[in-house]
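Dumped input.cif below, it's mmCIF, C-alpha atoms:
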```cif
data_structure
loop_
_atom_site.group_PDB
_atom_site.id
_atom_site.type_symbol
_atom_site.label_atom_id
_atom_site.label_comp_id
_atom_site.auth_asym_id
_atom_site.auth_seq_id
_atom_site.Cartn_x
_atom_site.Cartn_y
_atom_site.Cartn_z
ATOM 1 C CA MET A 1 46.091 -51.733 11.019
ATOM 2 C CA ARG A 2 42.477 -50.721 11.588
ATOM 3 C CA ASP A 3 39.989 -47.930 11.125
ATOM 4 C CA LEU A 4 37.095 -47.060 13.429
ATOM 5 C CA ARG A 5 33.504 -47.943 12.569
ATOM 6 C CA ASN A 6 30.143 -48.552 14.298
ATOM 7 C CA PRO A 7 30.718 -47.383 17.908
ATOM 8 C CA HIS A 8 27.660 -49.356 19.090
ATOM 9 C CA ALA A 9 29.304 -52.795 18.962
ATOM 10 C CA SER A 10 32.897 -53.300 20.054
ATOM 11 C CA SER A 11 33.443 -56.361 17.813
ATOM 12 C CA ALA A 12 32.366 -54.340 14.759
ATOM 13 C CA PHE A 13 34.020 -51.116 15.868
ATOM 14 C CA LEU A 14 37.380 -51.929 14.299
ATOM 15 C CA ASN A 15 37.716 -52.698 10.614
ATOM 16 C CA LEU A 16 40.920 -54.488 9.574
ATOM 17 C CA ILE A 17 42.659 -52.633 6.747
ATOM 18 C CA GLY A 18 46.008 -54.409 6.449
ATOM 19 C CA PHE A 19 49.028 -55.835 8.220
ATOM 20 C CA VAL A 20 52.741 -55.047 8.299
ATOM 21 C CA SER A 21 55.395 -57.771 8.331
ATOM 22 C CA ARG A 22 59.104 -58.089 7.608
ATOM 23 C CA ARG A 23 58.261 -61.245 5.650
ATOM 24 C CA GLU A 24 56.693 -61.179 2.188
ATOM 25 C CA LEU A 25 53.240 -62.603 2.906
ATOM 26 C CA LYS A 26 51.133 -60.477 0.511
ATOM 27 C CA CYS A 27 47.751 -61.584 1.847
ATOM 28 C CA ILE A 28 46.316 -63.461 4.861
ATOM 29 C CA ASP A 29 42.605 -64.324 4.947
ATOM 30 C CA GLU A 30 41.947 -61.699 2.256
ATOM 31 C CA VAL A 31 43.718 -58.989 4.291
ATOM 32 C CA GLN A 32 46.470 -57.291 2.305
ATOM 33 C CA GLN A 33 50.022 -56.718 3.482
ATOM 34 C CA ILE A 34 50.963 -53.028 3.509
ATOM 35 C CA SER A 35 54.241 -51.257 4.173
ATOM 36 C CA LEU A 36 55.106 -49.626 7.482
ATOM 37 C CA GLU A 37 55.266 -46.308 5.663
ATOM 38 C CA ASP A 38 51.704 -46.793 4.371
ATOM 39 C CA ALA A 39 50.430 -47.763 7.822
ATOM 40 C CA LEU A 40 51.951 -44.613 9.314
ATOM 41 C CA SER A 41 50.842 -42.221 6.605
ATOM 42 C CA ARG A 42 47.395 -43.426 5.476
ATOM 43 C CA PRO A 43 44.680 -41.338 7.205
ATOM 44 C CA GLU A 44 42.166 -44.201 7.204
ATOM 45 C CA VAL A 45 44.516 -46.169 9.462
ATOM 46 C CA GLU A 46 43.525 -44.938 12.899
ATOM 47 C CA VAL A 47 44.620 -47.841 15.115
ATOM 48 C CA ALA A 48 47.766 -49.989 15.208
ATOM 49 C CA TYR A 49 48.150 -53.365 16.910
ATOM 50 C CA ILE A 50 51.787 -54.013 17.786
ATOM 51 C CA CYS A 51 52.680 -57.685 18.244
ATOM 52 C CA SER A 52 56.365 -57.754 17.381
ATOM 53 C CA GLU A 53 59.356 -58.712 19.525
ATOM 54 C CA SER A 54 59.404 -56.900 22.883
ATOM 55 C CA THR A 55 62.679 -55.149 22.052
ATOM 56 C CA SER A 56 60.984 -53.330 19.142
ATOM 57 C CA HIS A 57 57.825 -52.181 20.957
ATOM 58 C CA GLU A 58 59.087 -48.800 22.116
ATOM 59 C CA ASP A 59 60.216 -47.710 18.655
ATOM 60 C CA TYR A 60 56.984 -48.792 16.946
ATOM 61 C CA ILE A 61 54.805 -47.173 19.618
ATOM 62 C CA ARG A 62 56.664 -43.888 19.214
ATOM 63 C CA GLN A 63 56.348 -43.987 15.419
ATOM 64 C CA PHE A 64 52.618 -44.690 15.453
ATOM 65 C CA LEU A 65 51.851 -42.137 18.162
ATOM 66 C CA ASN A 66 53.748 -39.479 16.241
ATOM 67 C CA ALA A 67 51.683 -40.475 13.194
ATOM 68 C CA GLY A 68 48.487 -39.876 15.204
ATOM 69 C CA LYS A 69 47.340 -43.488 15.709
ATOM 70 C CA HIS A 70 45.742 -45.201 18.704
ATOM 71 C CA ILE A 71 47.754 -48.242 19.857
ATOM 72 C CA LEU A 72 47.201 -51.668 21.350
ATOM 73 C CA VAL A 73 50.537 -53.306 22.195
ATOM 74 C CA GLU A 74 51.475 -56.671 23.642
ATOM 75 C CA TYR A 75 53.121 -56.671 27.057
ATOM 76 C CA PRO A 76 55.649 -55.470 27.969
ATOM 77 C CA MET A 77 55.070 -52.174 26.197
ATOM 78 C CA THR A 78 58.690 -51.195 26.851
ATOM 79 C CA LEU A 79 61.767 -52.539 28.601
ATOM 80 C CA SER A 80 61.978 -49.660 31.087
ATOM 81 C CA ARG A 81 59.623 -47.698 33.317
ATOM 82 C CA ALA A 82 60.948 -44.358 32.101
ATOM 83 C CA ALA A 83 60.281 -45.228 28.451
ATOM 84 C CA ALA A 84 56.705 -46.304 29.256
ATOM 85 C CA GLN A 85 56.067 -43.082 31.179
ATOM 86 C CA ASP A 86 57.461 -41.050 28.281
ATOM 87 C CA LEU A 87 55.236 -42.849 25.753
ATOM 88 C CA TRP A 88 52.114 -42.339 27.870
ATOM 89 C CA GLU A 89 52.916 -38.635 28.056
ATOM 90 C CA LEU A 90 53.320 -38.604 24.265
ATOM 91 C CA ALA A 91 49.960 -40.405 23.857
ATOM 92 C CA GLU A 92 48.315 -37.798 26.074
ATOM 93 C CA GLN A 93 49.847 -34.966 24.055
ATOM 94 C CA LYS A 94 48.546 -36.551 20.849
ATOM 95 C CA GLY A 95 45.124 -37.298 22.342
ATOM 96 C CA LYS A 96 45.512 -41.019 21.595
ATOM 97 C CA VAL A 97 44.832 -44.224 23.511
ATOM 98 C CA LEU A 98 47.872 -46.339 24.361
ATOM 99 C CA HIS A 99 46.726 -49.713 25.681
ATOM 100 C CA GLU A 100 49.014 -52.485 26.924
ATOM 101 C CA GLU A 101 47.430 -55.886 26.415
ATOM 102 C CA HIS A 102 47.093 -58.040 29.539
ATOM 103 C CA VAL A 103 45.338 -61.251 28.577
ATOM 104 C CA GLU A 104 46.796 -62.983 31.649
ATOM 105 C CA LEU A 105 44.366 -60.974 33.791
ATOM 106 C CA LEU A 106 41.456 -62.340 31.733
ATOM 107 C CA MET A 107 42.347 -66.005 32.231
ATOM 108 C CA GLU A 108 40.095 -68.381 34.165
ATOM 109 C CA GLU A 109 43.054 -69.257 36.426
ATOM 110 C CA PHE A 110 43.481 -65.639 37.476
ATOM 111 C CA ALA A 111 39.753 -65.213 38.136
ATOM 112 C CA PHE A 112 39.922 -68.306 40.352
ATOM 113 C CA LEU A 113 42.930 -66.932 42.262
ATOM 114 C CA GLN A 114 41.252 -63.573 42.808
ATOM 115 C CA LYS A 115 38.327 -65.313 44.496
ATOM 116 C CA GLU A 116 40.672 -67.522 46.547
ATOM 117 C CA VAL A 117 42.842 -64.740 47.994
ATOM 118 C CA VAL A 118 40.181 -62.112 48.713
ATOM 119 C CA GLY A 119 39.934 -61.353 52.422
ATOM 120 C CA LYS A 120 42.746 -63.758 53.327
ATOM 121 C CA GLU A 121 45.962 -62.864 55.121
ATOM 122 C CA LEU A 122 48.995 -64.110 53.203
ATOM 123 C CA LEU A 123 51.835 -65.735 55.140
ATOM 124 C CA LYS A 124 54.074 -66.679 52.202
ATOM 125 C CA GLY A 125 53.816 -67.705 48.588
ATOM 126 C CA SER A 126 55.653 -68.840 45.479
ATOM 127 C CA LEU A 127 55.071 -68.915 41.736
ATOM 128 C CA LEU A 128 57.201 -71.043 39.391
ATOM 129 C CA PHE A 129 56.880 -70.829 35.619
ATOM 130 C CA THR A 130 58.612 -73.286 33.292
ATOM 131 C CA ALA A 131 58.850 -73.229 29.491
ATOM 132 C CA GLY A 132 61.155 -73.868 26.570
ATOM 133 C CA PRO A 133 64.038 -71.541 25.651
ATOM 134 C CA LEU A 134 63.319 -67.894 24.828
ATOM 135 C CA GLU A 135 65.602 -65.502 22.968
ATOM 136 C CA GLU A 136 66.531 -62.660 25.302
ATOM 137 C CA GLU A 137 67.775 -60.608 22.343
ATOM 138 C CA ARG A 138 64.213 -60.489 21.000
ATOM 139 C CA PHE A 139 62.046 -60.591 24.119
ATOM 140 C CA GLY A 140 64.187 -58.935 26.779
ATOM 141 C CA PHE A 141 65.520 -59.975 30.167
ATOM 142 C CA PRO A 142 63.459 -62.750 31.857
ATOM 143 C CA ALA A 143 61.860 -60.290 34.288
ATOM 144 C CA PHE A 144 60.371 -58.521 31.233
ATOM 145 C CA SER A 145 59.529 -61.536 29.079
ATOM 146 C CA GLY A 146 57.868 -63.052 32.166
ATOM 147 C CA ILE A 147 56.184 -59.863 33.330
ATOM 148 C CA SER A 148 52.726 -61.445 33.113
ATOM 149 C CA ARG A 149 53.604 -63.574 36.168
ATOM 150 C CA LEU A 150 54.795 -60.470 38.010
ATOM 151 C CA THR A 151 51.524 -58.774 37.028
ATOM 152 C CA TRP A 152 49.597 -61.658 38.599
ATOM 153 C CA LEU A 153 51.459 -61.263 41.902
ATOM 154 C CA VAL A 154 51.058 -57.482 42.001
ATOM 155 C CA SER A 155 47.366 -57.695 41.051
ATOM 156 C CA LEU A 156 46.725 -60.288 43.767
ATOM 157 C CA PHE A 157 48.832 -58.907 46.624
ATOM 158 C CA GLY A 158 49.448 -55.225 45.895
ATOM 159 C CA GLU A 159 52.688 -53.361 45.272
ATOM 160 C CA LEU A 160 55.805 -55.383 46.057
ATOM 161 C CA SER A 161 59.386 -54.605 47.011
ATOM 162 C CA LEU A 162 62.457 -56.467 45.804
ATOM 163 C CA VAL A 163 64.547 -58.330 48.393
ATOM 164 C CA SER A 164 66.959 -60.223 46.134
ATOM 165 C CA ALA A 165 67.290 -61.772 42.686
ATOM 166 C CA THR A 166 69.640 -64.270 41.071
ATOM 167 C CA LEU A 167 70.088 -65.553 37.527
ATOM 168 C CA GLU A 168 71.594 -68.916 36.667
ATOM 169 C CA GLU A 169 72.483 -69.261 32.991
ATOM 170 C CA ARG A 170 73.988 -71.952 30.786
ATOM 171 C CA LYS A 171 73.831 -70.342 27.374
ATOM 172 C CA GLU A 172 75.424 -73.304 25.644
ATOM 173 C CA ASP A 173 72.473 -75.401 26.871
ATOM 174 C CA GLN A 174 69.874 -72.648 26.266
ATOM 175 C CA TYR A 175 69.003 -72.891 29.972
ATOM 176 C CA MET A 176 68.221 -70.158 32.488
ATOM 177 C CA LYS A 177 66.679 -69.906 35.937
ATOM 178 C CA MET A 178 65.783 -66.598 37.529
ATOM 179 C CA THR A 179 64.867 -66.606 41.218
ATOM 180 C CA VAL A 180 63.316 -63.457 42.677
ATOM 181 C CA CYS A 181 62.495 -62.833 46.335
ATOM 182 C CA LEU A 182 59.807 -60.217 46.856
ATOM 183 C CA GLU A 183 57.933 -58.781 49.819
ATOM 184 C CA THR A 184 54.393 -57.485 50.213
ATOM 185 C CA GLU A 185 53.711 -54.217 52.015
ATOM 186 C CA ASN A 186 53.061 -56.366 55.113
ATOM 187 C CA LYS A 187 56.530 -57.936 54.786
ATOM 188 C CA ARG A 188 55.181 -61.290 53.622
ATOM 189 C CA PRO A 189 57.624 -63.190 51.367
ATOM 190 C CA LEU A 190 56.804 -64.104 47.771
ATOM 191 C CA THR A 191 59.171 -66.083 45.549
ATOM 192 C CA TRP A 192 58.937 -65.858 41.765
ATOM 193 C CA ILE A 193 60.922 -68.299 39.614
ATOM 194 C CA GLU A 194 61.244 -68.380 35.815
ATOM 195 C CA GLU A 195 62.954 -71.534 34.499
ATOM 196 C CA LYS A 196 63.416 -72.070 30.769
ATOM 197 C CA GLY A 197 65.288 -74.639 28.761
ATOM 198 C CA PRO A 198 64.993 -77.497 26.251
ATOM 199 C CA GLY A 199 62.538 -80.173 27.359
ATOM 200 C CA LEU A 200 60.800 -77.988 29.942
ATOM 201 C CA LYS A 201 57.050 -77.958 29.446
ATOM 202 C CA ARG A 202 55.076 -74.738 29.649
ATOM 203 C CA ASN A 203 53.593 -74.911 33.121
ATOM 204 C CA ARG A 204 52.754 -72.847 36.157
ATOM 205 C CA HIS A 205 53.223 -74.082 39.735
ATOM 206 C CA LEU A 206 52.039 -72.019 42.665
ATOM 207 C CA SER A 207 51.835 -72.262 46.411
ATOM 208 C CA PHE A 208 50.128 -69.688 48.635
ATOM 209 C CA HIS A 209 49.899 -70.083 52.392
ATOM 210 C CA PHE A 210 47.336 -68.040 54.292
ATOM 211 C CA LYS A 211 46.479 -67.767 57.937
ATOM 212 C CA SER A 212 43.262 -69.641 57.149
ATOM 213 C CA GLY A 213 44.748 -72.382 54.928
ATOM 214 C CA SER A 214 46.832 -73.107 51.841
ATOM 215 C CA LEU A 215 46.484 -73.241 48.077
ATOM 216 C CA GLU A 216 48.841 -75.679 46.397
ATOM 217 C CA ASN A 217 48.899 -75.617 42.590
ATOM 218 C CA MET A 218 46.108 -74.672 40.263
ATOM 219 C CA PRO A 219 43.030 -76.869 39.853
ATOM 220 C CA ASN A 220 41.478 -77.347 36.427
ATOM 221 C CA VAL A 221 39.252 -74.284 36.170
ATOM 222 C CA GLY A 222 38.236 -74.554 32.532
ATOM 223 C CA VAL A 223 39.358 -73.359 29.126
ATOM 224 C CA ASN A 224 40.355 -69.752 28.511
ATOM 225 C CA LYS A 225 37.915 -68.515 25.864
ATOM 226 C CA ASN A 226 38.381 -65.457 23.657
ATOM 227 C CA ILE A 227 40.806 -63.725 26.001
ATOM 228 C CA PHE A 228 42.406 -61.753 23.161
ATOM 229 C CA LEU A 229 38.981 -60.607 21.961
ATOM 230 C CA LYS A 230 38.092 -59.638 25.542
ATOM 231 C CA ASP A 231 41.249 -57.549 25.766
ATOM 232 C CA GLN A 232 40.420 -55.938 22.421
ATOM 233 C CA ASN A 233 36.995 -55.044 23.798
ATOM 234 C CA ILE A 234 38.659 -53.318 26.760
ATOM 235 C CA PHE A 235 40.729 -51.328 24.253
ATOM 236 C CA VAL A 236 37.573 -50.356 22.364
ATOM 237 C CA GLN A 237 35.925 -49.248 25.611
ATOM 238 C CA LYS A 238 38.902 -46.934 26.156
ATOM 239 C CA LEU A 239 38.522 -45.579 22.615
ATOM 240 C CA LEU A 240 34.876 -44.857 23.413
ATOM 241 C CA GLY A 241 35.781 -43.099 26.669
ATOM 242 C CA GLN A 242 34.055 -45.732 28.796
ATOM 243 C CA PHE A 243 36.902 -46.053 31.332
ATOM 244 C CA SER A 244 37.024 -43.570 34.195
ATOM 245 C CA GLU A 245 40.140 -41.537 34.944
ATOM 246 C CA LYS A 246 40.425 -43.460 38.219
ATOM 247 C CA GLU A 247 40.425 -46.829 36.415
ATOM 248 C CA LEU A 248 42.981 -45.666 33.859
ATOM 249 C CA ALA A 249 45.248 -44.228 36.583
ATOM 250 C CA ALA A 250 45.111 -47.474 38.598
ATOM 251 C CA GLU A 251 46.002 -49.553 35.528
ATOM 252 C CA LYS A 252 48.860 -47.238 34.606
ATOM 253 C CA LYS A 253 50.192 -47.314 38.165
ATOM 254 C CA ARG A 254 50.209 -51.125 38.170
ATOM 255 C CA ILE A 255 51.945 -51.366 34.791
ATOM 256 C CA LEU A 256 54.623 -48.829 35.745
ATOM 257 C CA HIS A 257 55.206 -50.580 39.082
ATOM 258 C CA CYS A 258 55.712 -53.933 37.329
ATOM 259 C CA LEU A 259 58.114 -52.388 34.812
ATOM 260 C CA TRP A 260 60.042 -50.750 37.661
ATOM 261 C CA LEU A 261 60.280 -54.096 39.487
ATOM 262 C CA ALA A 262 61.453 -55.840 36.316
ATOM 263 C CA GLU A 263 64.161 -53.191 35.869
ATOM 264 C CA GLU A 264 65.308 -53.563 39.471
ATOM 265 C CA ILE A 265 65.409 -57.355 39.129
ATOM 266 C CA GLN A 266 67.543 -57.049 35.998
ATOM 267 C CA LYS A 267 69.943 -54.670 37.783
ATOM 268 C CA TYR A 268 70.175 -57.024 40.759
ATOM 269 C CA CYS A 269 70.957 -60.019 38.529
ATOM 270 C CA CYS A 270 73.444 -58.194 36.339
#
```
Is it possible to express this structure as structure tokens?
Amino acid sequence: MRDLRNPHASSAFLNLIGFVSRRELKCIDEVQQISLEDALSRPEVEVAYICSESTSHEDYIRQFLNAGKHILVEYPMTLSRAAAQDLWELAEQKGKVLHEEHVELLMEEFAFLQKEVVGKELLKGSLLFTAGPLEEERFGFPAFSGISRLTWLVSLFGELSLVSATLEERKEDQYMKMTVCLETENKRPLTWIEEKGPGLKRNRHLSFHFKSGSLENMPNVGVNKNIFLKDQNIFVQKLLGQFSEKELAAEKKRILHCLWLAEEIQKYCC
């Protein structure tokens, strides 16, 4: 929970007042634990950072907006497009900033890909993400818990349409594999795969084929530095009114499109 100070420096603009947790932690790095009720009601709390399980985001966002707070929330902000649209309308009514964090767009790997794909005509592509098991009850269907990969594809190649989607699950083994076939506006195929289970290392494998050549897997492009701080600075810029209406509308359109795709993928699989 934060209040707003010194608008001349984004790093000093937010002053940490306290944190809310279901666990009894009392104090972390001299920051006191406060109750949810205090965070909602105290006038000096002007901003809330929401970094809970994805399934709880919508409820917390609604509570803090109704309490008159600005919000930064981890992706996905909700588990449906309609809920996200409703919350943005509520934020607008309240005159508050609702910002969905997207650190994946601030990674060195994404910056490298942006440079690689610009001006090139895609023929086909694929993106495979592997990791250990993830609790769907807490983080949502794989298309939502993995929405950062979908955001990469949409940011690189524009709005996509869903062709098909399948989900292979072995719950007793904590294993799942979701395979999604997508199409660009130019009818170029993109395959997105999320595979999670015990023993699977967190990794990203990609393959993009262009008319002018191919990109197979990601080279070592350096360490991702301060990406969460960079995202916080974007949030502060929004608080200061430094984003144009055009920029905000484009971001909102992309987020809503990705949430819509994730919903459609879930329907297709289920």
### Task
Provide the atom CA of Ser164 of chain A to atom CA of Arg138 of chain A distance in Å, to one decimal place.
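We find that atom CA of Ser164 of chain A and atom CA of Arg138 of chain A lie 25.3 Å from each other.
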#### Entry: Residues in the PyMOL selection byres ((chain A and resi 43-47) around 12), expressed as a ChimeraX atom specification
/A:1-5,13-19,34,36-42,48-50,61,64-65,67-73,96-99,232,235-236,239
Once you count only C-alpha atoms, what closest atom pair and distance in Å to one decimal does each residue of segment 168-221 of chain A within 8 Å of segment 103-121 of chain A have, with rows by chain and rising residue number, as CSV?
```
residue,atom,partner,partner_atom,distance
A:Phe210,CA,A:Glu121,CA,5.4
A:Lys211,CA,A:Glu121,CA,5.7
A:Ser212,CA,A:Lys120,CA,7.0
A:Met218,CA,A:Glu109,CA,7.3
A:Val221,CA,A:Glu108,CA,6.3
```
Non-local contacts of segment 194-203 of chain A (9 Å; all atoms listed in the file; under 4 positions in same chain excluded) as a PDB file with C-alpha atoms, keeping the file's coordinate frame:
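The result, written out as around-v2.pdb:
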```
ATOM      1  CA  LEU A 127      55.071 -68.915  41.736  1.00  0.00           C
ATOM      2  CA  LEU A 128      57.201 -71.043  39.391  1.00  0.00           C
ATOM      3  CA  PHE A 129      56.880 -70.829  35.619  1.00  0.00           C
ATOM      4  CA  THR A 130      58.612 -73.286  33.292  1.00  0.00           C
ATOM      5  CA  ALA A 131      58.850 -73.229  29.491  1.00  0.00           C
ATOM      6  CA  GLY A 132      61.155 -73.868  26.570  1.00  0.00           C
ATOM      7  CA  PRO A 133      64.038 -71.541  25.651  1.00  0.00           C
ATOM      8  CA  LEU A 134      63.319 -67.894  24.828  1.00  0.00           C
ATOM      9  CA  PRO A 142      63.459 -62.750  31.857  1.00  0.00           C
ATOM     10  CA  ALA A 143      61.860 -60.290  34.288  1.00  0.00           C
ATOM     11  CA  GLY A 146      57.868 -63.052  32.166  1.00  0.00           C
ATOM     12  CA  ASP A 173      72.473 -75.401  26.871  1.00  0.00           C
ATOM     13  CA  GLN A 174      69.874 -72.648  26.266  1.00  0.00           C
ATOM     14  CA  TYR A 175      69.003 -72.891  29.972  1.00  0.00           C
ATOM     15  CA  MET A 176      68.221 -70.158  32.488  1.00  0.00           C
ATOM     16  CA  LYS A 177      66.679 -69.906  35.937  1.00  0.00           C
ATOM     17  CA  MET A 178      65.783 -66.598  37.529  1.00  0.00           C
ATOM     18  CA  THR A 179      64.867 -66.606  41.218  1.00  0.00           C
ATOM     19  CA  VAL A 180      63.316 -63.457  42.677  1.00  0.00           C
TER      20      VAL A 180
END
```
### Task
Name the residues captured by the PyMOL selection byres ((chain A and resi 247-260) around 8) when it is applied to the shown file; answer as a VMD selection string.
chain A and resid 76 79 to 81 84 to 85 144 147 150 to 151 154 to 155 159 243 to 246 261 to 264
### Message
Can you tell me which residues surround Thr191 of chain A at a distance of at most 12 Å, considering all atoms listed in the file, apart from same-chain residues fewer than 4 positions away, and format the answer as a ChimeraX atom specification?
### Response
/A:124-129,149-150,153,160-166,178-184,205-208
Please, could N, CA, C and O atoms be added to segment 49-67 of chain A and the result written as a PDB file, keeping the file's coordinate frame?
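This went into selection.pdb:
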```pdb
ATOM      1  N   TYR A  49      47.877 -52.286  15.963  1.00  0.00           N
ATOM      2  CA  TYR A  49      48.150 -53.365  16.910  1.00  0.00           C
ATOM      3  C   TYR A  49      49.614 -53.744  16.746  1.00  0.00           C
ATOM      4  O   TYR A  49      50.035 -54.086  15.647  1.00  0.00           O
ATOM      5  N   ILE A  50      50.361 -53.695  17.846  1.00  0.00           N
ATOM      6  CA  ILE A  50      51.787 -54.013  17.786  1.00  0.00           C
ATOM      7  C   ILE A  50      52.021 -55.347  18.480  1.00  0.00           C
ATOM      8  O   ILE A  50      51.822 -55.477  19.689  1.00  0.00           O
ATOM      9  N   CYS A  51      52.421 -56.348  17.691  1.00  0.00           N
ATOM     10  CA  CYS A  51      52.680 -57.685  18.244  1.00  0.00           C
ATOM     11  C   CYS A  51      54.000 -58.223  17.700  1.00  0.00           C
ATOM     12  O   CYS A  51      54.072 -59.340  17.189  1.00  0.00           O
ATOM     13  N   SER A  52      55.012 -57.399  17.808  1.00  0.00           N
ATOM     14  CA  SER A  52      56.365 -57.754  17.381  1.00  0.00           C
ATOM     15  C   SER A  52      57.181 -58.176  18.594  1.00  0.00           C
ATOM     16  O   SER A  52      56.658 -58.301  19.704  1.00  0.00           O
ATOM     17  N   GLU A  53      58.483 -58.383  18.399  1.00  0.00           N
ATOM     18  CA  GLU A  53      59.356 -58.712  19.525  1.00  0.00           C
ATOM     19  C   GLU A  53      59.353 -57.562  20.541  1.00  0.00           C
ATOM     20  O   GLU A  53      59.257 -56.385  20.169  1.00  0.00           O
ATOM     21  N   SER A  54      59.476 -57.903  21.811  1.00  0.00           N
ATOM     22  CA  SER A  54      59.404 -56.900  22.883  1.00  0.00           C
ATOM     23  C   SER A  54      60.436 -55.794  22.709  1.00  0.00           C
ATOM     24  O   SER A  54      60.166 -54.624  23.033  1.00  0.00           O
ATOM     25  N   THR A  55      61.608 -56.138  22.186  1.00  0.00           N
ATOM     26  CA  THR A  55      62.679 -55.149  22.052  1.00  0.00           C
ATOM     27  C   THR A  55      62.343 -54.065  21.027  1.00  0.00           C
ATOM     28  O   THR A  55      62.969 -53.006  21.026  1.00  0.00           O
ATOM     29  N   SER A  56      61.351 -54.312  20.167  1.00  0.00           N
ATOM     30  CA  SER A  56      60.984 -53.330  19.142  1.00  0.00           C
ATOM     31  C   SER A  56      59.760 -52.506  19.510  1.00  0.00           C
ATOM     32  O   SER A  56      59.400 -51.562  18.802  1.00  0.00           O
ATOM     33  N   HIS A  57      59.088 -52.838  20.609  1.00  0.00           N
ATOM     34  CA  HIS A  57      57.825 -52.181  20.957  1.00  0.00           C
ATOM     35  C   HIS A  57      57.974 -50.667  21.083  1.00  0.00           C
ATOM     36  O   HIS A  57      57.169 -49.915  20.537  1.00  0.00           O
ATOM     37  N   GLU A  58      58.959 -50.232  21.844  1.00  0.00           N
ATOM     38  CA  GLU A  58      59.087 -48.800  22.116  1.00  0.00           C
ATOM     39  C   GLU A  58      59.201 -47.996  20.834  1.00  0.00           C
ATOM     40  O   GLU A  58      58.527 -46.968  20.668  1.00  0.00           O
ATOM     41  N   ASP A  59      60.014 -48.440  19.900  1.00  0.00           N
ATOM     42  CA  ASP A  59      60.216 -47.710  18.655  1.00  0.00           C
ATOM     43  C   ASP A  59      58.936 -47.646  17.832  1.00  0.00           C
ATOM     44  O   ASP A  59      58.559 -46.582  17.321  1.00  0.00           O
ATOM     45  N   TYR A  60      58.232 -48.778  17.719  1.00  0.00           N
ATOM     46  CA  TYR A  60      56.984 -48.792  16.946  1.00  0.00           C
ATOM     47  C   TYR A  60      55.906 -47.922  17.596  1.00  0.00           C
ATOM     48  O   TYR A  60      55.173 -47.209  16.913  1.00  0.00           O
ATOM     49  N   ILE A  61      55.794 -48.002  18.919  1.00  0.00           N
ATOM     50  CA  ILE A  61      54.805 -47.173  19.618  1.00  0.00           C
ATOM     51  C   ILE A  61      55.070 -45.698  19.322  1.00  0.00           C
ATOM     52  O   ILE A  61      54.152 -44.934  18.996  1.00  0.00           O
ATOM     53  N   ARG A  62      56.314 -45.303  19.436  1.00  0.00           N
ATOM     54  CA  ARG A  62      56.664 -43.888  19.214  1.00  0.00           C
ATOM     55  C   ARG A  62      56.320 -43.464  17.790  1.00  0.00           C
ATOM     56  O   ARG A  62      55.767 -42.370  17.560  1.00  0.00           O
ATOM     57  N   GLN A  63      56.642 -44.325  16.816  1.00  0.00           N
ATOM     58  CA  GLN A  63      56.348 -43.987  15.419  1.00  0.00           C
ATOM     59  C   GLN A  63      54.847 -43.819  15.179  1.00  0.00           C
ATOM     60  O   GLN A  63      54.411 -42.861  14.525  1.00  0.00           O
ATOM     61  N   PHE A  64      54.060 -44.746  15.702  1.00  0.00           N
ATOM     62  CA  PHE A  64      52.618 -44.690  15.453  1.00  0.00           C
ATOM     63  C   PHE A  64      51.942 -43.557  16.229  1.00  0.00           C
ATOM     64  O   PHE A  64      51.003 -42.940  15.727  1.00  0.00           O
ATOM     65  N   LEU A  65      52.406 -43.276  17.431  1.00  0.00           N
ATOM     66  CA  LEU A  65      51.851 -42.137  18.162  1.00  0.00           C
ATOM     67  C   LEU A  65      52.154 -40.834  17.433  1.00  0.00           C
ATOM     68  O   LEU A  65      51.277 -39.970  17.292  1.00  0.00           O
ATOM     69  N   ASN A  66      53.379 -40.692  16.971  1.00  0.00           N
ATOM     70  CA  ASN A  66      53.748 -39.479  16.241  1.00  0.00           C
ATOM     71  C   ASN A  66      52.971 -39.350  14.935  1.00  0.00           C
ATOM     72  O   ASN A  66      52.805 -38.240  14.416  1.00  0.00           O
ATOM     73  N   ALA A  67      52.501 -40.493  14.413  1.00  0.00           N
ATOM     74  CA  ALA A  67      51.683 -40.475  13.194  1.00  0.00           C
ATOM     75  C   ALA A  67      50.201 -40.284  13.514  1.00  0.00           C
ATOM     76  O   ALA A  67      49.369 -40.273  12.603  1.00  0.00           O
TER      77      ALA A  67
END
```
